[in-house]
Amino acid sequence: MSVRASLAGNGQELVIQVDGRFDFSAHQEFRDAYESASQVRKYIVDLGGATYLDSSALGMLLLLRDHAGGDHSEISSTNCNDDVRKILAISNFEQLFTIQ
């Protein structure tokens, strides 16, 4: 499991790339990825390398949403494989995030 963050869009977009199992073991690493960034307006969570997603990962995505401004946040999940997309859909996360 690894989490990498990089700034894009003149430093106003934060891309968080998750590889491997996205579960509680990634909690601190995921949180550090977005809490250390400032001046960010848009968050992109790249789940292309995620092989697994559990309920704690969903909770981490909700914490990111709260950090980003709740209903006023701009967060998208990209490169989701079919299994990850299905979990997000079952959990109604498409109402909270843009899923691509």
# chains A, B, ... in the order shown; residues from 1 in each chain; ligands from 1
>>> residues_around(residues="Ile75 in chain A", least_positions_apart="5", cutoff="12 Å", atoms="only C-alpha atoms", output="VMD selection string")
chain A and resid 13 to 16 34 40 to 46 61 to 70 93 to 100
>>> write_last_selection(atoms="N, CA, C and O atoms", output="short mmCIF file (atom, residue, chain, number, x, y, z; two decimals), in the first residue's frame")
data_model
loop_
_atom_site.label_atom_id
_atom_site.label_comp_id
_atom_site.auth_asym_id
_atom_site.auth_seq_id
_atom_site.Cartn_x
_atom_site.Cartn_y
_atom_site.Cartn_z
N GLU A 13 -4.52 22.18 -7.36
CA GLU A 13 -5.08 20.83 -7.43
C GLU A 13 -4.13 19.88 -6.73
O GLU A 13 -2.92 19.92 -6.97
N LEU A 14 -4.67 19.03 -5.90
CA LEU A 14 -3.86 18.01 -5.24
C LEU A 14 -4.29 16.65 -5.76
O LEU A 14 -5.47 16.30 -5.66
N VAL A 15 -3.35 15.93 -6.34
CA VAL A 15 -3.61 14.59 -6.83
C VAL A 15 -3.06 13.61 -5.80
O VAL A 15 -1.87 13.65 -5.48
N ILE A 16 -3.94 12.77 -5.28
CA ILE A 16 -3.54 11.75 -4.31
C ILE A 16 -3.68 10.41 -5.00
O ILE A 16 -4.79 10.00 -5.36
N TYR A 34 -3.10 14.99 2.33
CA TYR A 34 -3.91 16.19 2.08
C TYR A 34 -3.77 17.26 3.16
O TYR A 34 -3.95 18.44 2.88
N VAL A 40 -5.16 24.56 -1.78
CA VAL A 40 -5.74 23.59 -2.72
C VAL A 40 -7.23 23.86 -2.85
O VAL A 40 -7.93 24.03 -1.85
N ARG A 41 -7.71 23.87 -4.10
CA ARG A 41 -9.14 24.08 -4.36
C ARG A 41 -9.82 22.81 -4.87
O ARG A 41 -11.02 22.67 -4.77
N LYS A 42 -9.02 21.94 -5.48
CA LYS A 42 -9.58 20.72 -6.06
C LYS A 42 -8.72 19.53 -5.65
O LYS A 42 -7.50 19.60 -5.68
N TYR A 43 -9.39 18.45 -5.29
CA TYR A 43 -8.72 17.21 -4.88
C TYR A 43 -9.08 16.11 -5.87
O TYR A 43 -10.25 15.93 -6.19
N ILE A 44 -8.07 15.41 -6.33
CA ILE A 44 -8.27 14.29 -7.24
C ILE A 44 -7.67 13.06 -6.58
O ILE A 44 -6.47 13.03 -6.29
N VAL A 45 -8.51 12.06 -6.32
CA VAL A 45 -8.04 10.82 -5.73
C VAL A 45 -7.95 9.79 -6.86
O VAL A 45 -8.97 9.35 -7.39
N ASP A 46 -6.74 9.45 -7.23
CA ASP A 46 -6.48 8.51 -8.31
C ASP A 46 -6.46 7.10 -7.74
O ASP A 46 -5.52 6.72 -7.04
N LEU A 61 -12.21 8.88 2.81
CA LEU A 61 -12.68 9.78 1.76
C LEU A 61 -13.64 10.82 2.33
O LEU A 61 -13.62 11.98 1.91
N LEU A 62 -14.46 10.43 3.29
CA LEU A 62 -15.36 11.39 3.94
C LEU A 62 -14.58 12.42 4.76
O LEU A 62 -14.95 13.60 4.80
N LEU A 63 -13.50 11.97 5.41
CA LEU A 63 -12.66 12.91 6.16
C LEU A 63 -12.00 13.91 5.21
O LEU A 63 -11.89 15.10 5.53
N LEU A 64 -11.57 13.43 4.06
CA LEU A 64 -11.01 14.34 3.04
C LEU A 64 -12.07 15.36 2.63
O LEU A 64 -11.78 16.55 2.52
N ARG A 65 -13.28 14.90 2.42
CA ARG A 65 -14.37 15.80 2.02
C ARG A 65 -14.61 16.88 3.08
O ARG A 65 -14.77 18.06 2.76
N ASP A 66 -14.62 16.48 4.35
CA ASP A 66 -14.78 17.46 5.43
C ASP A 66 -13.63 18.46 5.43
O ASP A 66 -13.85 19.66 5.57
N HIS A 67 -12.41 17.95 5.28
CA HIS A 67 -11.23 18.82 5.26
C HIS A 67 -11.31 19.83 4.10
O HIS A 67 -10.92 20.98 4.24
N ALA A 68 -11.83 19.38 2.96
CA ALA A 68 -11.88 20.19 1.75
C ALA A 68 -13.02 21.20 1.75
O ALA A 68 -13.08 22.05 0.87
N GLY A 69 -13.94 21.10 2.70
CA GLY A 69 -15.02 22.08 2.77
C GLY A 69 -16.42 21.51 2.69
O GLY A 69 -17.37 22.24 2.48
N GLY A 70 -16.55 20.20 2.83
CA GLY A 70 -17.87 19.59 2.85
C GLY A 70 -18.62 19.74 1.55
O GLY A 70 -18.11 19.40 0.48
N PHE A 93 -21.58 7.12 -3.04
CA PHE A 93 -20.54 8.15 -3.04
C PHE A 93 -20.59 9.02 -4.29
O PHE A 93 -20.00 10.09 -4.31
N GLU A 94 -21.28 8.57 -5.34
CA GLU A 94 -21.38 9.41 -6.52
C GLU A 94 -22.19 10.68 -6.24
O GLU A 94 -22.15 11.62 -7.02
N GLN A 95 -22.91 10.70 -5.12
CA GLN A 95 -23.62 11.91 -4.72
C GLN A 95 -22.71 12.91 -4.01
O GLN A 95 -23.03 14.08 -3.90
N LEU A 96 -21.55 12.42 -3.54
CA LEU A 96 -20.62 13.27 -2.80
C LEU A 96 -19.39 13.66 -3.61
O LEU A 96 -18.77 14.69 -3.33
N PHE A 97 -19.00 12.80 -4.55
CA PHE A 97 -17.78 12.98 -5.33
C PHE A 97 -18.10 12.79 -6.81
O PHE A 97 -19.05 12.09 -7.15
N THR A 98 -17.26 13.34 -7.65
CA THR A 98 -17.31 13.03 -9.06
C THR A 98 -16.49 11.76 -9.25
O THR A 98 -15.33 11.70 -8.84
N ILE A 99 -17.09 10.74 -9.83
CA ILE A 99 -16.38 9.47 -10.05
C ILE A 99 -16.18 9.29 -11.54
O ILE A 99 -17.14 9.27 -12.31
N GLN A 100 -14.92 9.19 -11.93
CA GLN A 100 -14.58 9.07 -13.34
C GLN A 100 -13.90 7.75 -13.62
O GLN A 100 -13.20 7.22 -12.86
#
>>> select_by_dssp(residues="chain A", states="strand (DSSP E)", output="CSV table (one decimal) with all heavy atoms, in the first residue's frame")
chain,number,residue,atom,x,y,z
A,2,SER,N,0.6,2.1,-0.9
A,2,SER,CA,1.3,3.4,-0.9
A,2,SER,C,0.4,4.5,-1.3
A,2,SER,O,-0.6,4.3,-2.1
A,2,SER,CB,2.5,3.3,-1.8
A,2,SER,OG,2.1,3.3,-3.2
A,3,VAL,N,0.7,5.7,-0.8
A,3,VAL,CA,-0.1,6.9,-1.1
A,3,VAL,C,0.9,8.0,-1.5
A,3,VAL,O,1.9,8.2,-0.8
A,3,VAL,CB,-0.9,7.4,0.1
A,3,VAL,CG1,-1.6,8.7,-0.2
A,3,VAL,CG2,-1.9,6.3,0.6
A,4,ARG,N,0.7,8.6,-2.6
A,4,ARG,CA,1.6,9.6,-3.1
A,4,ARG,C,0.7,10.8,-3.4
A,4,ARG,O,-0.3,10.7,-4.0
A,4,ARG,CB,2.4,9.2,-4.4
A,4,ARG,CG,3.4,8.1,-4.1
A,4,ARG,CD,4.2,7.8,-5.3
A,4,ARG,NE,3.5,7.4,-6.5
A,4,ARG,CZ,3.0,6.2,-6.7
A,4,ARG,NH1,3.1,5.2,-5.7
A,4,ARG,NH2,2.3,5.9,-7.8
A,5,ALA,N,1.2,12.0,-3.1
A,5,ALA,CA,0.5,13.2,-3.4
A,5,ALA,C,1.4,14.2,-4.2
A,5,ALA,O,2.6,14.2,-4.0
A,5,ALA,CB,0.1,13.9,-2.1
A,6,SER,N,0.8,14.9,-5.2
A,6,SER,CA,1.5,15.8,-6.0
A,6,SER,C,0.5,17.0,-6.3
A,6,SER,O,-0.7,16.8,-6.5
A,6,SER,CB,2.0,15.2,-7.2
A,6,SER,OG,1.0,14.7,-8.0
A,7,LEU,N,1.1,18.2,-6.4
A,7,LEU,CA,0.3,19.4,-6.8
A,7,LEU,C,0.3,19.5,-8.3
A,7,LEU,O,1.3,19.3,-9.0
A,7,LEU,CB,0.9,20.6,-6.1
A,7,LEU,CG,0.8,20.7,-4.6
A,7,LEU,CD1,1.6,21.8,-4.0
A,7,LEU,CD2,-0.7,20.8,-4.2
A,8,ALA,N,-0.8,20.0,-8.8
A,8,ALA,CA,-1.0,20.3,-10.2
A,8,ALA,C,-1.8,21.6,-10.3
A,8,ALA,O,-2.2,22.1,-9.3
A,8,ALA,CB,-1.7,19.1,-10.9
A,13,GLU,N,-4.5,22.2,-7.4
A,13,GLU,CA,-5.1,20.8,-7.4
A,13,GLU,C,-4.1,19.9,-6.7
A,13,GLU,O,-2.9,19.9,-7.0
A,13,GLU,CB,-5.3,20.4,-8.9
A,13,GLU,CG,-6.3,21.1,-9.6
A,13,GLU,CD,-6.4,20.6,-11.1
A,13,GLU,OE1,-5.7,19.6,-11.5
A,13,GLU,OE2,-7.2,21.2,-11.8
A,14,LEU,N,-4.7,19.0,-5.9
A,14,LEU,CA,-3.9,18.0,-5.2
A,14,LEU,C,-4.3,16.7,-5.8
A,14,LEU,O,-5.5,16.3,-5.7
A,14,LEU,CB,-4.1,18.1,-3.7
A,14,LEU,CG,-3.2,17.0,-2.9
A,14,LEU,CD1,-1.7,17.3,-3.0
A,14,LEU,CD2,-3.7,17.0,-1.5
A,15,VAL,N,-3.4,15.9,-6.3
A,15,VAL,CA,-3.6,14.6,-6.8
A,15,VAL,C,-3.1,13.6,-5.8
A,15,VAL,O,-1.9,13.6,-5.5
A,15,VAL,CB,-2.9,14.3,-8.2
A,15,VAL,CG1,-3.2,12.9,-8.7
A,15,VAL,CG2,-3.4,15.4,-9.2
A,16,ILE,N,-3.9,12.8,-5.3
A,16,ILE,CA,-3.5,11.7,-4.3
A,16,ILE,C,-3.7,10.4,-5.0
A,16,ILE,O,-4.8,10.0,-5.4
A,16,ILE,CB,-4.4,11.8,-3.0
A,16,ILE,CG1,-4.4,13.2,-2.4
A,16,ILE,CG2,-4.0,10.7,-2.1
A,16,ILE,CD1,-5.3,13.4,-1.3
A,17,GLN,N,-2.6,9.7,-5.2
A,17,GLN,CA,-2.6,8.4,-5.9
A,17,GLN,C,-2.5,7.3,-4.8
A,17,GLN,O,-1.5,7.3,-4.0
A,17,GLN,CB,-1.4,8.4,-6.8
A,17,GLN,CG,-1.4,7.1,-7.7
A,17,GLN,CD,-0.3,7.2,-8.8
A,17,GLN,OE1,0.5,8.1,-8.8
A,17,GLN,NE2,-0.3,6.2,-9.6
A,18,VAL,N,-3.4,6.4,-4.9
A,18,VAL,CA,-3.5,5.3,-4.0
A,18,VAL,C,-3.2,4.0,-4.7
A,18,VAL,O,-3.8,3.7,-5.7
A,18,VAL,CB,-4.8,5.2,-3.3
A,18,VAL,CG1,-4.9,4.0,-2.3
A,18,VAL,CG2,-5.2,6.5,-2.6
A,19,ASP,N,-2.2,3.2,-4.3
A,19,ASP,CA,-1.8,2.0,-4.9
A,19,ASP,C,-2.0,0.8,-3.9
A,19,ASP,O,-1.6,1.0,-2.7
A,19,ASP,CB,-0.4,2.0,-5.4
A,19,ASP,CG,-0.2,3.0,-6.6
A,19,ASP,OD1,-1.1,3.1,-7.4
A,19,ASP,OD2,0.8,3.6,-6.6
A,20,GLY,N,-2.5,-0.3,-4.3
A,20,GLY,CA,-2.6,-1.5,-3.4
A,20,GLY,C,-3.9,-1.5,-2.7
A,20,GLY,O,-4.9,-0.9,-3.1
A,21,ARG,N,-3.9,-2.0,-1.5
A,21,ARG,CA,-5.1,-2.1,-0.7
A,21,ARG,C,-5.4,-0.8,0.0
A,21,ARG,O,-4.5,-0.3,0.7
A,21,ARG,CB,-5.0,-3.2,0.4
A,21,ARG,CG,-4.9,-4.6,-0.2
A,21,ARG,CD,-4.6,-5.7,0.9
A,21,ARG,NE,-5.7,-5.7,1.9
A,21,ARG,CZ,-6.8,-6.4,1.9
A,21,ARG,NH1,-7.0,-7.2,0.8
A,21,ARG,NH2,-7.6,-6.3,2.8
A,22,PHE,N,-6.5,-0.2,-0.2
A,22,PHE,CA,-6.9,1.0,0.4
A,22,PHE,C,-7.8,0.7,1.6
A,22,PHE,O,-9.0,0.4,1.5
A,22,PHE,CB,-7.7,1.9,-0.6
A,22,PHE,CG,-7.9,3.3,-0.1
A,22,PHE,CD1,-7.2,3.9,0.9
A,22,PHE,CD2,-8.8,4.1,-0.8
A,22,PHE,CE1,-7.4,5.2,1.3
A,22,PHE,CE2,-9.1,5.4,-0.5
A,22,PHE,CZ,-8.4,6.0,0.6
A,42,LYS,N,-9.0,21.9,-5.5
A,42,LYS,CA,-9.6,20.7,-6.1
A,42,LYS,C,-8.7,19.5,-5.7
A,42,LYS,O,-7.5,19.6,-5.7
A,42,LYS,CB,-9.6,20.8,-7.6
A,42,LYS,CG,-10.2,19.6,-8.3
A,42,LYS,CD,-10.3,19.8,-9.8
A,42,LYS,CE,-10.9,18.6,-10.4
A,42,LYS,NZ,-11.0,18.7,-11.9
A,43,TYR,N,-9.4,18.4,-5.3
A,43,TYR,CA,-8.7,17.2,-4.9
A,43,TYR,C,-9.1,16.1,-5.9
A,43,TYR,O,-10.3,15.9,-6.2
A,43,TYR,CB,-9.2,16.8,-3.5
A,43,TYR,CG,-8.8,17.8,-2.4
A,43,TYR,CD1,-9.6,18.9,-2.2
A,43,TYR,CD2,-7.6,17.6,-1.7
A,43,TYR,CE1,-9.2,19.9,-1.2
A,43,TYR,CE2,-7.3,18.6,-0.7
A,43,TYR,CZ,-8.1,19.7,-0.5
A,43,TYR,OH,-7.7,20.6,0.5
A,44,ILE,N,-8.1,15.4,-6.3
A,44,ILE,CA,-8.3,14.3,-7.2
A,44,ILE,C,-7.7,13.1,-6.6
A,44,ILE,O,-6.5,13.0,-6.3
A,44,ILE,CB,-7.6,14.5,-8.6
A,44,ILE,CG1,-8.2,15.8,-9.2
A,44,ILE,CG2,-7.8,13.3,-9.5
A,44,ILE,CD1,-7.4,16.3,-10.4
A,45,VAL,N,-8.5,12.1,-6.3
A,45,VAL,CA,-8.0,10.8,-5.7
A,45,VAL,C,-8.0,9.8,-6.9
A,45,VAL,O,-9.0,9.4,-7.4
A,45,VAL,CB,-9.0,10.3,-4.6
A,45,VAL,CG1,-8.4,9.1,-4.0
A,45,VAL,CG2,-9.2,11.4,-3.5
A,46,ASP,N,-6.7,9.4,-7.2
A,46,ASP,CA,-6.5,8.5,-8.3
A,46,ASP,C,-6.5,7.1,-7.7
A,46,ASP,O,-5.5,6.7,-7.0
A,46,ASP,CB,-5.2,8.8,-9.0
A,46,ASP,CG,-4.9,8.0,-10.2
A,46,ASP,OD1,-5.5,6.9,-10.4
A,46,ASP,OD2,-4.0,8.3,-11.0
A,47,LEU,N,-7.5,6.3,-8.0
A,47,LEU,CA,-7.6,5.0,-7.5
A,47,LEU,C,-7.3,3.9,-8.5
A,47,LEU,O,-7.6,2.8,-8.4
A,47,LEU,CB,-9.0,4.8,-7.0
A,47,LEU,CG,-9.4,5.6,-5.8
A,47,LEU,CD1,-10.9,5.5,-5.5
A,47,LEU,CD2,-8.6,5.4,-4.6
A,48,GLY,N,-6.6,4.3,-9.6
A,48,GLY,CA,-6.2,3.4,-10.6
A,48,GLY,C,-5.3,2.2,-10.2
A,48,GLY,O,-5.4,1.1,-10.7
A,49,GLY,N,-4.5,2.5,-9.1
A,49,GLY,CA,-3.7,1.4,-8.6
A,49,GLY,C,-4.3,0.7,-7.4
A,49,GLY,O,-3.7,-0.2,-6.8
A,50,ALA,N,-5.5,1.1,-7.0
A,50,ALA,CA,-6.1,0.5,-5.8
A,50,ALA,C,-6.7,-0.9,-6.2
A,50,ALA,O,-7.5,-1.0,-7.1
A,50,ALA,CB,-7.2,1.4,-5.2
A,51,THR,N,-6.3,-1.9,-5.4
A,51,THR,CA,-6.8,-3.2,-5.7
A,51,THR,C,-8.0,-3.6,-4.8
A,51,THR,O,-8.6,-4.6,-5.0
A,51,THR,CB,-5.7,-4.3,-5.5
A,51,THR,OG1,-5.1,-4.1,-4.2
A,51,THR,CG2,-4.6,-4.0,-6.5
A,52,TYR,N,-8.2,-2.8,-3.8
A,52,TYR,CA,-9.2,-3.2,-2.7
A,52,TYR,C,-9.6,-1.9,-2.0
A,52,TYR,O,-8.8,-1.0,-1.8
A,52,TYR,CB,-8.6,-4.2,-1.8
A,52,TYR,CG,-9.4,-4.5,-0.6
A,52,TYR,CD1,-10.4,-5.5,-0.7
A,52,TYR,CD2,-9.2,-3.9,0.7
A,52,TYR,CE1,-11.2,-5.8,0.4
A,52,TYR,CE2,-10.0,-4.3,1.8
A,52,TYR,CZ,-11.0,-5.2,1.6
A,52,TYR,OH,-11.7,-5.5,2.7
A,53,LEU,N,-10.8,-1.8,-1.6
A,53,LEU,CA,-11.3,-0.7,-0.9
A,53,LEU,C,-12.3,-1.2,0.2
A,53,LEU,O,-13.2,-2.0,-0.2
A,53,LEU,CB,-12.1,0.2,-1.9
A,53,LEU,CG,-12.6,1.6,-1.5
A,53,LEU,CD1,-11.5,2.6,-1.9
A,53,LEU,CD2,-13.8,1.9,-2.3
A,75,ILE,N,-14.1,17.4,-5.2
A,75,ILE,CA,-13.3,16.2,-5.1
A,75,ILE,C,-13.7,15.2,-6.2
A,75,ILE,O,-14.9,15.0,-6.4
A,75,ILE,CB,-13.5,15.5,-3.7
A,75,ILE,CG1,-13.1,16.5,-2.6
A,75,ILE,CG2,-12.6,14.2,-3.6
A,75,ILE,CD1,-13.4,16.0,-1.2
A,76,SER,N,-12.8,14.6,-6.9
A,76,SER,CA,-13.1,13.6,-7.8
A,76,SER,C,-12.3,12.3,-7.6
A,76,SER,O,-11.1,12.4,-7.1
A,76,SER,CB,-13.0,14.1,-9.3
A,76,SER,OG,-11.6,14.4,-9.5
A,77,SER,N,-12.8,11.2,-7.9
A,77,SER,CA,-12.1,9.9,-7.9
A,77,SER,C,-11.9,9.5,-9.3
A,77,SER,O,-12.9,9.4,-10.1
A,77,SER,CB,-12.9,8.8,-7.1
A,77,SER,OG,-13.0,9.2,-5.8
A,78,THR,N,-10.7,9.2,-9.7
A,78,THR,CA,-10.4,8.8,-11.1
A,78,THR,C,-9.8,7.4,-11.2
A,78,THR,O,-9.3,6.9,-10.3
A,78,THR,CB,-9.4,9.8,-11.7
A,78,THR,OG1,-8.2,9.8,-11.0
A,78,THR,CG2,-10.0,11.2,-11.7
A,98,THR,N,-17.3,13.3,-7.6
A,98,THR,CA,-17.3,13.0,-9.1
A,98,THR,C,-16.5,11.8,-9.3
A,98,THR,O,-15.3,11.7,-8.8
A,98,THR,CB,-16.7,14.2,-9.9
A,98,THR,OG1,-17.4,15.4,-9.6
A,98,THR,CG2,-16.8,13.8,-11.4
A,99,ILE,N,-17.1,10.7,-9.8
A,99,ILE,CA,-16.4,9.5,-10.0
A,99,ILE,C,-16.2,9.3,-11.5
A,99,ILE,O,-17.1,9.3,-12.3
A,99,ILE,CB,-17.2,8.3,-9.4
A,99,ILE,CG1,-17.4,8.5,-7.9
A,99,ILE,CG2,-16.4,7.0,-9.7
A,99,ILE,CD1,-18.2,7.5,-7.3
>>> select_by_dssp(residues="chain A", states="alpha helix (DSSP H)", output="PyMOL selection string")
chain A and resi 27-35+55-68+82-90
>>> atom_distance(atom1="CA of Ser55 in chain A", atom2="CA of Glu74 in chain A")
21.5 Å
>>> atom_distance(atom1="CA of Asp82 in chain A", atom2="CA of Ala33 in chain A")
25.0 Å
